[in-house]
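All remarks here apply to the structure that follows.
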Amino acid sequence: MAPALQSSAARTSSTSPASPRGFKVNISGLILEVASPDTDWLAWNKNRFSAFLSEEEASILVTHRPDAGEAAFSTSPSQQRITLKGACHPRFLDTVLIEVLPALLEPSLVVHGTLLRDGSRAYLCCGQSGAGKSTLAAMLPEHALCDELAAIRPTDGGFEGVSLPYWVARPGSAPLASVFILEHATSHRRTRIAPGEAVRELRRHICWPTENANAMMAAFTTLTRLVQEVPVYRLGFRKDPGVWDVITEPTQ
């Protein structure tokens with residue numbers, strides 16, 4: 001049985017010997033190295049991302065400069081370097097990553113959703129705050145990978161759902177079987193959505209890379225392909241783990 005969903009700060013790991021003042025984190029295959037002279041700030045974030053720590057070679061360097069004025073951030077033109085400035089709260093790193101990930105993970109989509117897995121397939125359940133993402137994850141801990149943000153990565157054979165470390169999460173991925181738009185209901189039900197309606201529904205739940213025209217075009221292309229190849233449903237559910245049987249029903 002898969003391990004239960006856990007906070008990404010629930011485990012610890014050592015940093016690379018080559019990075020005594022930093023750590024590396026794997027976010028959907030993107031390896032970031034985070035460095036700071038502020039050891040408390042660094043330790044907090046290392047613990048925050050502990051379930052996603054990596055020893056692979058980094059492609060993005062994130063540097064914290066606590067003595068550089070008010071809290072702000074900047075990126076290099078190539079986006080291979082992110083600089084955090086000022087005595088910012090440790091969680092500022094989360095805020096920055098959420099903003100830049102949609103462009104950095106191109107052509108993947110970053111989506112507000114809970115990612116569930118049954119071992120061989122993944123299911124993305126989308127919704128804004130209050131739609132039931134965390135409720136689903138809490139009811140189905142053995143299947144849940146993350147409860148707030150997930151990545152949808154195009155592959156040669158379809159799409160892959162990949163967990164992101166927000167907010168309660170563990171690393172994992174699987175081929176994407178279905179996408180669901182969540183709504184509360186008195187009984188479990190799912191209704192297939194046509195591709196055109198699916199685009200209109202899903203675009204509200206995507207974190208768009210609005211500052212990067214090329215990444216925006218790639219994201220929209222990915223969404224268009226997604227609704228053509230992966231079934232999208234509207235899922236009404238009540239607080240009952242029996243909804244898992246509805247989620248995993250064969251495609252209609």
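Just remember, in the structure tokens the first chain shown is A, the second B, etc., residues are 1-based per chain, and ligands are 1-based in the order shown.
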
All residues 9 Å or closer to segment 122-125 of chain A, only C-alpha atoms, same chain fewer than 3 positions away omitted, as a ChimeraX atom specification: /A:111-119,132-133,136,150,152,160-162,173-182,235,247-248

Just the selected residues (C-alpha atoms), exported as an mmCIF file, in the first residue's frame, please.
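And here's part.cif as it stands now:
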```
data_model
loop_
_atom_site.group_PDB
_atom_site.id
_atom_site.type_symbol
_atom_site.label_atom_id
_atom_site.label_comp_id
_atom_site.auth_asym_id
_atom_site.auth_seq_id
_atom_site.Cartn_x
_atom_site.Cartn_y
_atom_site.Cartn_z
ATOM 1 C CA VAL A 111 -3.224 23.549 -11.738
ATOM 2 C CA HIS A 112 -5.127 24.202 -8.518
ATOM 3 C CA GLY A 113 -6.079 20.623 -7.725
ATOM 4 C CA THR A 114 -5.703 17.533 -5.615
ATOM 5 C CA LEU A 115 -3.756 14.748 -7.331
ATOM 6 C CA LEU A 116 -4.853 11.205 -6.500
ATOM 7 C CA ARG A 117 -3.217 7.947 -7.601
ATOM 8 C CA ASP A 118 -4.280 4.312 -7.556
ATOM 9 C CA GLY A 119 -0.827 2.927 -8.348
ATOM 10 C CA GLY A 132 -13.193 20.260 -1.580
ATOM 11 C CA LYS A 133 -9.605 19.593 -2.680
ATOM 12 C CA LEU A 136 -10.789 14.713 -0.796
ATOM 13 C CA ALA A 150 -0.272 19.749 -9.214
ATOM 14 C CA ILE A 152 0.160 18.154 -15.700
ATOM 15 C CA GLU A 160 1.306 12.601 -16.561
ATOM 16 C CA GLY A 161 0.063 13.994 -13.260
ATOM 17 C CA VAL A 162 2.934 15.077 -10.994
ATOM 18 C CA SER A 173 3.418 10.768 -10.500
ATOM 19 C CA ALA A 174 1.386 8.539 -12.800
ATOM 20 C CA PRO A 175 -0.262 8.659 -16.228
ATOM 21 C CA LEU A 176 -3.308 10.917 -16.038
ATOM 22 C CA ALA A 177 -6.576 8.998 -16.428
ATOM 23 C CA SER A 178 -9.201 11.694 -15.758
ATOM 24 C CA VAL A 179 -9.733 15.275 -14.672
ATOM 25 C CA PHE A 180 -12.582 16.342 -12.380
ATOM 26 C CA ILE A 181 -14.153 19.722 -11.636
ATOM 27 C CA LEU A 182 -15.242 19.556 -8.000
ATOM 28 C CA LEU A 235 -17.741 15.632 -9.932
ATOM 29 C CA ILE A 247 -13.557 8.699 -9.452
ATOM 30 C CA THR A 248 -12.079 5.402 -10.648
#
```

Excluding same-chain residues fewer than 2 positions from Val34 of chain A, what lies within 12 Å of it counting only C-alpha atoms, as a ChimeraX atom specification? /A:15-16,19-26,31-32,36-39,41-46,49,53-54,58-65,81-84,90,93-94,97

At a cut-off of 10 Å, using only C-alpha atoms, what residues contact Gly130 of chain A? Leave out same-chain residues fewer than 4 positions from it and give the result as a list in words.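 Counting only C-alpha atoms, the residues come to Ser134, Thr135, Leu182, Glu183 and His184 of chain A.
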
Selected residues written out with C-alpha atoms, as a tab-separated table (two decimals), in the first residue's frame:
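Generated file (selection-v6.tsv):
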```tsv
chain	number	residue	atom	x	y	z
A	134	SER	CA	-8.25	19.20	0.85
A	135	THR	CA	-11.38	17.32	1.91
A	182	LEU	CA	-15.24	19.56	-8.00
A	183	GLU	CA	-18.53	20.67	-6.50
A	184	HIS	CA	-20.26	19.80	-3.26
```

Each segment 47-108 of chain A residue no farther than 6 Å from segment 209-228 of chain A, nearest pair in Å, only C-alpha atoms, as a tab-separated table:
```
residue	atom	partner	partner_atom	distance
A:Pro102	CA	A:Pro209	CA	5.1
A:Ala103	CA	A:Pro209	CA	5.1
A:Glu106	CA	A:Ala215	CA	5.9
A:Pro107	CA	A:Ala218	CA	5.3
```

Those same residues - C-alpha atoms - I'd like them written as an mmCIF file, in the first residue's frame.
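part29.cif, written as the output of this step:
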```cif
data_model
loop_
_atom_site.group_PDB
_atom_site.id
_atom_site.type_symbol
_atom_site.label_atom_id
_atom_site.label_comp_id
_atom_site.auth_asym_id
_atom_site.auth_seq_id
_atom_site.Cartn_x
_atom_site.Cartn_y
_atom_site.Cartn_z
ATOM 1 C CA PRO A 102 4.074 28.113 -14.563
ATOM 2 C CA ALA A 103 6.768 29.538 -16.864
ATOM 3 C CA GLU A 106 6.605 24.971 -19.663
ATOM 4 C CA PRO A 107 4.881 23.201 -21.426
#
```

Residues flagged strand (DSSP E) by DSSP in segment 51-125 of chain A, as a PyMOL selection string: chain A and resi 60-65+72-75+81-85+109-117+122-125

Residue nearest Ala169 of chain A - candidates A:Gly236, A:Pro141, A:Gly127, A:Gly86, atoms counted: only C-alpha atoms: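 So, comparing all the options, the nearest one is A:Pro141.
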
Give me, as a count of residues only, the residues of segment 12-245 of chain A that a backbone DSSP run labels alpha helix (DSSP H). 58

Work out how far apart atom CA of Arg204 of chain A and atom CA of Ser28 of chain A are and give it in Å to one decimal.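 Going from atom CA of Arg204 of chain A over to atom CA of Ser28 of chain A covers 21.6 Å.
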
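Atom CA of Pro171 of chain A is positioned 25.0 Å from atom CA of Arg203 of chain A.
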
Could you tell me how far atom CA of Ile193 of chain A sits from atom CA of Pro231 of chain A, in Å to one decimal place?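 Straight-line distance from atom CA of Pro231 of chain A to atom CA of Ile193 of chain A works out to 7.7 Å.
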
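Using only C-alpha atoms, the shortest contact distance between Pro195 of chain A and any of A:Leu164, A:Glu56, A:Trp208, A:Tyr233 is found at A:Tyr233.
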